[in-house]
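K.L.:
Structure supplied as query.txt; contents: compact mmCIF, N, CA and C atoms.
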```
# COMPACT_ATOMS: atom_id res chain seq x y z
N MET Z 1 39.55 -14.87 -6.17
CA MET Z 1 38.67 -15.50 -5.20
C MET Z 1 37.22 -15.20 -5.57
N ALA Z 2 36.43 -16.23 -5.66
CA ALA Z 2 35.04 -16.08 -6.08
C ALA Z 2 34.20 -15.58 -4.90
N SER Z 3 33.27 -14.69 -5.20
CA SER Z 3 32.37 -14.19 -4.14
C SER Z 3 31.22 -15.17 -3.98
N SER Z 4 30.85 -15.43 -2.76
CA SER Z 4 29.74 -16.33 -2.50
C SER Z 4 28.52 -15.53 -2.06
N ASN Z 5 27.37 -15.91 -2.55
CA ASN Z 5 26.13 -15.24 -2.18
C ASN Z 5 25.55 -15.94 -0.96
N THR Z 6 25.89 -15.43 0.21
CA THR Z 6 25.41 -16.02 1.45
C THR Z 6 24.23 -15.19 1.95
N ARG Z 7 23.12 -15.85 2.18
CA ARG Z 7 21.92 -15.19 2.68
C ARG Z 7 21.94 -15.18 4.19
N LEU Z 8 21.68 -14.06 4.81
CA LEU Z 8 21.65 -13.97 6.26
C LEU Z 8 20.23 -14.00 6.80
N TYR Z 9 19.32 -14.53 6.01
CA TYR Z 9 17.93 -14.64 6.45
C TYR Z 9 17.35 -15.91 5.84
N SER Z 10 16.25 -16.37 6.40
CA SER Z 10 15.52 -17.48 5.78
C SER Z 10 14.20 -16.92 5.25
N LYS Z 11 13.63 -17.63 4.33
CA LYS Z 11 12.42 -17.14 3.67
C LYS Z 11 11.17 -17.65 4.38
N GLY Z 12 10.12 -16.89 4.26
CA GLY Z 12 8.81 -17.28 4.75
C GLY Z 12 7.75 -16.74 3.81
N ARG Z 13 6.53 -17.26 3.93
CA ARG Z 13 5.44 -16.80 3.08
C ARG Z 13 4.31 -16.30 3.97
N PHE Z 14 3.82 -15.09 3.67
CA PHE Z 14 2.70 -14.50 4.41
C PHE Z 14 1.41 -15.13 3.91
N LEU Z 15 0.78 -15.94 4.78
CA LEU Z 15 -0.41 -16.69 4.38
C LEU Z 15 -1.69 -15.88 4.51
N GLY Z 16 -1.77 -15.06 5.53
CA GLY Z 16 -2.99 -14.31 5.81
C GLY Z 16 -2.97 -13.87 7.26
N PHE Z 17 -4.13 -13.51 7.76
CA PHE Z 17 -4.24 -13.04 9.13
C PHE Z 17 -4.83 -14.12 10.03
N LYS Z 18 -4.54 -14.00 11.32
CA LYS Z 18 -5.16 -14.89 12.29
C LYS Z 18 -6.67 -14.65 12.24
N ARG Z 19 -7.45 -15.73 12.27
CA ARG Z 19 -8.89 -15.55 12.14
C ARG Z 19 -9.63 -16.71 12.76
N GLY Z 20 -10.88 -16.45 13.05
CA GLY Z 20 -11.81 -17.48 13.44
C GLY Z 20 -12.79 -17.69 12.31
N LEU Z 21 -13.92 -18.27 12.63
CA LEU Z 21 -14.91 -18.51 11.59
C LEU Z 21 -15.49 -17.21 11.05
N ARG Z 22 -15.73 -16.26 11.93
CA ARG Z 22 -16.40 -15.01 11.53
C ARG Z 22 -15.54 -13.77 11.71
N ASN Z 23 -14.51 -13.82 12.55
CA ASN Z 23 -13.68 -12.64 12.83
C ASN Z 23 -12.27 -12.83 12.29
N GLN Z 24 -11.69 -11.71 11.87
CA GLN Z 24 -10.30 -11.71 11.41
C GLN Z 24 -9.53 -10.69 12.23
N TYR Z 25 -8.31 -11.06 12.65
CA TYR Z 25 -7.49 -10.21 13.50
C TYR Z 25 -6.27 -9.77 12.71
N GLU Z 26 -6.34 -8.56 12.16
CA GLU Z 26 -5.29 -8.08 11.26
C GLU Z 26 -3.99 -7.76 11.97
N HIS Z 27 -4.00 -7.66 13.31
CA HIS Z 27 -2.77 -7.33 14.02
C HIS Z 27 -1.85 -8.54 14.16
N THR Z 28 -2.30 -9.73 13.77
CA THR Z 28 -1.46 -10.93 13.83
C THR Z 28 -1.43 -11.59 12.46
N ALA Z 29 -0.22 -11.71 11.91
CA ALA Z 29 -0.04 -12.32 10.59
C ALA Z 29 0.41 -13.78 10.76
N LEU Z 30 -0.01 -14.63 9.83
CA LEU Z 30 0.43 -16.03 9.82
C LEU Z 30 1.49 -16.20 8.74
N ILE Z 31 2.62 -16.81 9.13
CA ILE Z 31 3.74 -16.96 8.22
C ILE Z 31 4.16 -18.42 8.18
N GLN Z 32 4.28 -18.97 6.97
CA GLN Z 32 4.80 -20.33 6.80
C GLN Z 32 6.29 -20.22 6.53
N LEU Z 33 7.10 -20.83 7.39
CA LEU Z 33 8.55 -20.76 7.27
C LEU Z 33 9.07 -21.82 6.30
N GLU Z 34 10.10 -21.47 5.56
CA GLU Z 34 10.69 -22.38 4.58
C GLU Z 34 11.42 -23.50 5.30
N ASN Z 35 11.18 -24.73 4.88
CA ASN Z 35 11.82 -25.94 5.42
C ASN Z 35 11.53 -26.17 6.90
N VAL Z 36 10.41 -25.68 7.40
CA VAL Z 36 9.97 -25.92 8.78
C VAL Z 36 8.61 -26.60 8.69
N ASN Z 37 8.51 -27.82 9.24
CA ASN Z 37 7.30 -28.60 9.05
C ASN Z 37 6.66 -29.09 10.33
N SER Z 38 7.17 -28.68 11.49
CA SER Z 38 6.56 -29.12 12.74
C SER Z 38 6.61 -28.00 13.78
N LYS Z 39 5.78 -28.15 14.78
CA LYS Z 39 5.72 -27.15 15.84
C LYS Z 39 7.04 -27.07 16.60
N GLU Z 40 7.72 -28.21 16.79
CA GLU Z 40 8.97 -28.23 17.54
C GLU Z 40 10.06 -27.43 16.82
N GLU Z 41 10.06 -27.46 15.49
CA GLU Z 41 11.08 -26.74 14.73
C GLU Z 41 10.86 -25.24 14.76
N THR Z 42 9.67 -24.77 15.09
CA THR Z 42 9.40 -23.33 15.11
C THR Z 42 9.98 -22.63 16.33
N HIS Z 43 10.31 -23.37 17.37
CA HIS Z 43 10.78 -22.72 18.61
C HIS Z 43 12.08 -21.96 18.39
N PHE Z 44 12.91 -22.39 17.44
CA PHE Z 44 14.14 -21.67 17.14
C PHE Z 44 13.84 -20.26 16.64
N TYR Z 45 12.72 -20.07 15.95
CA TYR Z 45 12.40 -18.80 15.30
C TYR Z 45 11.64 -17.82 16.20
N GLU Z 46 11.22 -18.24 17.38
CA GLU Z 46 10.46 -17.34 18.25
C GLU Z 46 11.33 -16.15 18.66
N GLY Z 47 10.80 -14.95 18.50
CA GLY Z 47 11.53 -13.74 18.83
C GLY Z 47 12.36 -13.18 17.70
N LYS Z 48 12.48 -13.91 16.58
CA LYS Z 48 13.27 -13.44 15.45
C LYS Z 48 12.53 -12.30 14.74
N ARG Z 49 13.30 -11.41 14.11
CA ARG Z 49 12.73 -10.28 13.39
C ARG Z 49 12.31 -10.71 11.99
N VAL Z 50 11.24 -10.10 11.50
CA VAL Z 50 10.69 -10.41 10.18
C VAL Z 50 10.60 -9.11 9.40
N ALA Z 51 10.96 -9.14 8.12
CA ALA Z 51 10.90 -7.95 7.27
C ALA Z 51 10.06 -8.26 6.04
N TYR Z 52 9.07 -7.41 5.78
CA TYR Z 52 8.29 -7.48 4.54
C TYR Z 52 8.76 -6.33 3.66
N LEU Z 53 9.37 -6.65 2.53
CA LEU Z 53 9.89 -5.64 1.60
C LEU Z 53 8.91 -5.48 0.45
N TYR Z 54 8.71 -4.23 0.03
CA TYR Z 54 7.82 -3.96 -1.10
C TYR Z 54 8.32 -2.74 -1.85
N ARG Z 55 7.88 -2.61 -3.08
CA ARG Z 55 8.28 -1.48 -3.91
C ARG Z 55 7.16 -0.44 -3.93
N ALA Z 56 7.54 0.82 -3.67
CA ALA Z 56 6.58 1.92 -3.66
C ALA Z 56 6.75 2.74 -4.95
N PRO Z 57 5.68 3.41 -5.39
CA PRO Z 57 5.78 4.17 -6.63
C PRO Z 57 6.67 5.41 -6.53
N THR Z 58 6.76 6.02 -5.35
CA THR Z 58 7.59 7.21 -5.18
C THR Z 58 8.83 6.87 -4.36
N ALA Z 59 9.92 7.50 -4.70
CA ALA Z 59 11.19 7.24 -4.00
C ALA Z 59 11.26 8.08 -2.73
N LYS Z 60 11.72 7.44 -1.65
CA LYS Z 60 12.00 8.14 -0.39
C LYS Z 60 13.43 7.80 -0.02
N LYS Z 61 14.21 8.80 0.30
CA LYS Z 61 15.62 8.61 0.65
C LYS Z 61 16.37 7.89 -0.47
N GLY Z 62 15.99 8.17 -1.71
CA GLY Z 62 16.71 7.65 -2.86
C GLY Z 62 16.39 6.23 -3.27
N THR Z 63 15.36 5.60 -2.69
CA THR Z 63 15.03 4.23 -3.07
C THR Z 63 13.52 4.05 -3.12
N HIS Z 64 13.10 3.12 -3.97
CA HIS Z 64 11.68 2.79 -4.07
C HIS Z 64 11.30 1.63 -3.16
N ILE Z 65 12.28 0.99 -2.53
CA ILE Z 65 12.02 -0.17 -1.68
C ILE Z 65 11.76 0.27 -0.26
N ARG Z 66 10.67 -0.24 0.32
CA ARG Z 66 10.33 0.07 1.71
C ARG Z 66 10.15 -1.23 2.48
N CYS Z 67 10.10 -1.11 3.81
CA CYS Z 67 10.11 -2.29 4.65
C CYS Z 67 9.16 -2.10 5.83
N ILE Z 68 8.45 -3.15 6.19
CA ILE Z 68 7.64 -3.19 7.41
C ILE Z 68 8.25 -4.27 8.29
N TRP Z 69 8.66 -3.89 9.51
CA TRP Z 69 9.33 -4.81 10.44
C TRP Z 69 8.33 -5.44 11.39
N GLY Z 70 8.62 -6.67 11.77
CA GLY Z 70 7.79 -7.39 12.73
C GLY Z 70 8.62 -8.37 13.52
N ARG Z 71 7.94 -9.17 14.35
CA ARG Z 71 8.61 -10.13 15.20
C ARG Z 71 7.75 -11.38 15.32
N ILE Z 72 8.38 -12.55 15.28
CA ILE Z 72 7.65 -13.81 15.44
C ILE Z 72 7.33 -14.00 16.91
N THR Z 73 6.06 -14.30 17.21
CA THR Z 73 5.63 -14.36 18.60
C THR Z 73 5.45 -15.79 19.11
N ARG Z 74 4.87 -16.67 18.30
CA ARG Z 74 4.58 -18.03 18.78
C ARG Z 74 4.20 -18.92 17.62
N PRO Z 75 4.17 -20.26 17.83
CA PRO Z 75 3.72 -21.15 16.75
C PRO Z 75 2.22 -21.02 16.52
N HIS Z 76 1.78 -21.50 15.37
CA HIS Z 76 0.35 -21.53 15.05
C HIS Z 76 0.06 -22.88 14.43
N GLY Z 77 -0.59 -23.75 15.16
CA GLY Z 77 -0.88 -25.08 14.64
C GLY Z 77 0.31 -26.00 14.78
N ASN Z 78 0.28 -27.10 14.02
CA ASN Z 78 1.29 -28.15 14.15
C ASN Z 78 2.15 -28.33 12.91
N SER Z 79 2.06 -27.44 11.93
CA SER Z 79 2.72 -27.71 10.65
C SER Z 79 3.78 -26.68 10.29
N GLY Z 80 4.36 -26.00 11.25
CA GLY Z 80 5.46 -25.08 10.95
C GLY Z 80 5.03 -23.67 10.65
N THR Z 81 3.78 -23.33 10.88
CA THR Z 81 3.31 -21.97 10.71
C THR Z 81 3.52 -21.21 12.02
N VAL Z 82 3.85 -19.91 11.92
CA VAL Z 82 4.05 -19.10 13.11
C VAL Z 82 3.19 -17.85 13.03
N ARG Z 83 2.98 -17.22 14.18
CA ARG Z 83 2.29 -15.94 14.25
C ARG Z 83 3.33 -14.84 14.39
N ALA Z 84 3.06 -13.71 13.75
CA ALA Z 84 3.98 -12.58 13.83
C ALA Z 84 3.18 -11.30 13.97
N LYS Z 85 3.74 -10.35 14.71
CA LYS Z 85 3.13 -9.03 14.84
C LYS Z 85 4.06 -8.01 14.23
N PHE Z 86 3.52 -7.16 13.37
CA PHE Z 86 4.29 -6.15 12.67
C PHE Z 86 4.01 -4.78 13.26
N ARG Z 87 4.96 -3.85 13.08
CA ARG Z 87 4.79 -2.50 13.61
C ARG Z 87 3.58 -1.82 13.01
N HIS Z 88 3.39 -2.02 11.71
CA HIS Z 88 2.18 -1.60 11.01
C HIS Z 88 1.59 -2.86 10.40
N ASN Z 89 0.29 -3.04 10.48
CA ASN Z 89 -0.33 -4.24 9.94
C ASN Z 89 0.02 -4.40 8.46
N LEU Z 90 0.26 -5.64 8.05
CA LEU Z 90 0.56 -5.89 6.65
C LEU Z 90 -0.68 -5.65 5.80
N PRO Z 91 -0.52 -5.13 4.58
CA PRO Z 91 -1.68 -4.91 3.72
C PRO Z 91 -2.20 -6.24 3.17
N PRO Z 92 -3.48 -6.34 2.88
CA PRO Z 92 -4.03 -7.58 2.33
C PRO Z 92 -3.42 -7.94 0.98
N SER Z 93 -2.92 -6.96 0.24
CA SER Z 93 -2.28 -7.25 -1.06
C SER Z 93 -0.99 -8.03 -0.89
N ALA Z 94 -0.46 -8.11 0.33
CA ALA Z 94 0.79 -8.83 0.59
C ALA Z 94 0.57 -10.33 0.79
N MET Z 95 -0.68 -10.79 0.86
CA MET Z 95 -0.94 -12.21 1.08
C MET Z 95 -0.33 -13.05 -0.03
N GLY Z 96 0.41 -14.07 0.35
CA GLY Z 96 1.08 -14.94 -0.61
C GLY Z 96 2.48 -14.48 -0.96
N SER Z 97 2.89 -13.31 -0.50
CA SER Z 97 4.21 -12.81 -0.86
C SER Z 97 5.26 -13.29 0.14
N THR Z 98 6.52 -13.08 -0.20
CA THR Z 98 7.64 -13.57 0.59
C THR Z 98 8.04 -12.54 1.65
N VAL Z 99 8.40 -13.03 2.82
CA VAL Z 99 8.97 -12.20 3.87
C VAL Z 99 10.35 -12.76 4.22
N ARG Z 100 11.18 -11.91 4.79
CA ARG Z 100 12.52 -12.34 5.22
C ARG Z 100 12.51 -12.53 6.73
N VAL Z 101 12.93 -13.70 7.18
CA VAL Z 101 13.04 -13.99 8.62
C VAL Z 101 14.51 -13.89 8.97
N MET Z 102 14.87 -12.81 9.66
CA MET Z 102 16.27 -12.59 10.03
C MET Z 102 16.68 -13.56 11.12
N LEU Z 103 17.92 -13.94 11.15
CA LEU Z 103 18.40 -14.92 12.11
C LEU Z 103 18.93 -14.24 13.37
N TYR Z 104 18.40 -13.09 13.71
CA TYR Z 104 18.72 -12.42 14.95
C TYR Z 104 17.45 -11.88 15.54
N PRO Z 105 17.33 -11.65 16.82
CA PRO Z 105 18.34 -11.89 17.85
C PRO Z 105 18.52 -13.38 18.10
N SER Z 106 19.76 -13.76 18.42
CA SER Z 106 20.06 -15.17 18.64
C SER Z 106 19.72 -15.57 20.06
N ASN Z 107 19.12 -16.75 20.20
CA ASN Z 107 18.81 -17.26 21.53
C ASN Z 107 19.60 -18.54 21.82
N ILE Z 108 20.70 -18.72 21.10
CA ILE Z 108 21.53 -19.90 21.31
C ILE Z 108 22.58 -19.58 22.37
```
What's the structure tokens form of this structure?
P.N.:
Amino acid sequence: MASSNTRLYSKGRFLGFKRGLRNQYEHTALIQLENVNSKEETHFYEGKRVAYLYRAPTAKKGTHIRCIWGRITRPHGNSGTVRAKFRHNLPPSAMGSTVRVMLYPSNI
């Protein structure tokens, strides 16, 4: 029996921080969700957990991979972008990188 690689998360891209013309708010990250192109489609993802994975130079608990957890709070604009708040603010070096949008907690 062949093993299937089933992903239990959908992908997103960290675009940057919420901002105005002159101010930037690092406590709110903007995430573009994969295959989501309208504000109506983002409502399914509200409240879902988000994980930003990165590699650290020193190993902790036997692994170099670390994670910053967050949660999607609301839509941002009309094109499938959402706002997310993380437990620790994402570093600016993470802009443009991939995040994992977990499909839990379920609101169906």
K.L.:
Quote the spacing between CA of Leu103 in chain Z and CA of Ile72 in chain Z in Å to one decimal place.
P.N.:
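Value for the CA of Leu103 in chain Z-CA of Ile72 in chain Z distance: 11.3 Å.
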K.L.:
Anything within 9 Å of (-1.1, -12.7, 0.1): list those residues as an MDAnalysis selection string, counting only C-alpha atoms and sticking to the file's coordinates.
P.N.:
chainID Z and resid 13:16 91:98
K.L.:
For range 74-89 of chain Z, please output as an MDAnalysis selection string all residues within 6.5 Å (counting all atoms listed in the file; exclusion window: fewer than 4 positions along the same chain).
P.N.:
chainID Z and resid 26:33 36:39 42 46:47 68:70
K.L.:
Applying 8 Å and only C-alpha atoms, which residues near Val99 in chain Z remain after dropping the ones on its own chain fewer than 2 positions away? List them as a PyMOL selection string.
P.N.:
chain Z and resi 11-14+50-53+97+101
K.L.:
Output N, CA and C atoms for every residue in that selection, as an mmCIF file, in the frame of the given file.
P.N.:
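Listed below is the output, out_19.cif:
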```
data_model
loop_
_atom_site.group_PDB
_atom_site.id
_atom_site.type_symbol
_atom_site.label_atom_id
_atom_site.label_comp_id
_atom_site.auth_asym_id
_atom_site.auth_seq_id
_atom_site.Cartn_x
_atom_site.Cartn_y
_atom_site.Cartn_z
ATOM 1 N N LYS Z 11 13.630 -17.630 4.330
ATOM 2 C CA LYS Z 11 12.420 -17.140 3.670
ATOM 3 C C LYS Z 11 11.170 -17.650 4.380
ATOM 4 N N GLY Z 12 10.120 -16.890 4.260
ATOM 5 C CA GLY Z 12 8.810 -17.280 4.750
ATOM 6 C C GLY Z 12 7.750 -16.740 3.810
ATOM 7 N N ARG Z 13 6.530 -17.260 3.930
ATOM 8 C CA ARG Z 13 5.440 -16.800 3.080
ATOM 9 C C ARG Z 13 4.310 -16.300 3.970
ATOM 10 N N PHE Z 14 3.820 -15.090 3.670
ATOM 11 C CA PHE Z 14 2.700 -14.500 4.410
ATOM 12 C C PHE Z 14 1.410 -15.130 3.910
ATOM 13 N N VAL Z 50 11.240 -10.100 11.500
ATOM 14 C CA VAL Z 50 10.690 -10.410 10.180
ATOM 15 C C VAL Z 50 10.600 -9.110 9.400
ATOM 16 N N ALA Z 51 10.960 -9.140 8.120
ATOM 17 C CA ALA Z 51 10.900 -7.950 7.270
ATOM 18 C C ALA Z 51 10.060 -8.260 6.040
ATOM 19 N N TYR Z 52 9.070 -7.410 5.780
ATOM 20 C CA TYR Z 52 8.290 -7.480 4.540
ATOM 21 C C TYR Z 52 8.760 -6.330 3.660
ATOM 22 N N LEU Z 53 9.370 -6.650 2.530
ATOM 23 C CA LEU Z 53 9.890 -5.640 1.600
ATOM 24 C C LEU Z 53 8.910 -5.480 0.450
ATOM 25 N N SER Z 97 2.890 -13.310 -0.500
ATOM 26 C CA SER Z 97 4.210 -12.810 -0.860
ATOM 27 C C SER Z 97 5.260 -13.290 0.140
ATOM 28 N N VAL Z 101 12.930 -13.700 7.180
ATOM 29 C CA VAL Z 101 13.040 -13.990 8.620
ATOM 30 C C VAL Z 101 14.510 -13.890 8.970
#
```
K.L.:
Per DSSP on the backbone, filter chain Z down to the residues in strand (DSSP E or B) and report them as a ChimeraX atom specification.
P.N.:
/Z:9-19,24-33,49-60,63-76,81-86,98-102
K.L.:
State, in Å with one decimal place, the distance from atom C of Phe44 in chain Z to atom C of Ile65 in chain Z.
P.N.:
26.7 Å
K.L.:
How far is it from CA of Glu40 in chain Z to CA of Tyr25 in chain Z, in Å with one decimal?
P.N.:
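Distance between the two atoms: 24.7 Å.
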K.L.:
So which residues touch His64 in chain Z within 10 Å, counting only C-alpha atoms, skipping near sequence neighbours fewer than 5 positions away, as a compact mmCIF listing (two decimals) with N, CA and C atoms, keeping the file's coordinate frame?
P.N.:
```txt
# COMPACT_ATOMS: atom_id res chain seq x y z
N TYR Z 54 8.71 -4.23 0.03
CA TYR Z 54 7.82 -3.96 -1.10
C TYR Z 54 8.32 -2.74 -1.85
N ARG Z 55 7.88 -2.61 -3.08
CA ARG Z 55 8.28 -1.48 -3.91
C ARG Z 55 7.16 -0.44 -3.93
N ALA Z 56 7.54 0.82 -3.67
CA ALA Z 56 6.58 1.92 -3.66
C ALA Z 56 6.75 2.74 -4.95
N PRO Z 57 5.68 3.41 -5.39
CA PRO Z 57 5.78 4.17 -6.63
C PRO Z 57 6.67 5.41 -6.53
N THR Z 58 6.76 6.02 -5.35
CA THR Z 58 7.59 7.21 -5.18
C THR Z 58 8.83 6.87 -4.36
N ALA Z 59 9.92 7.50 -4.70
CA ALA Z 59 11.19 7.24 -4.00
C ALA Z 59 11.26 8.08 -2.73
```
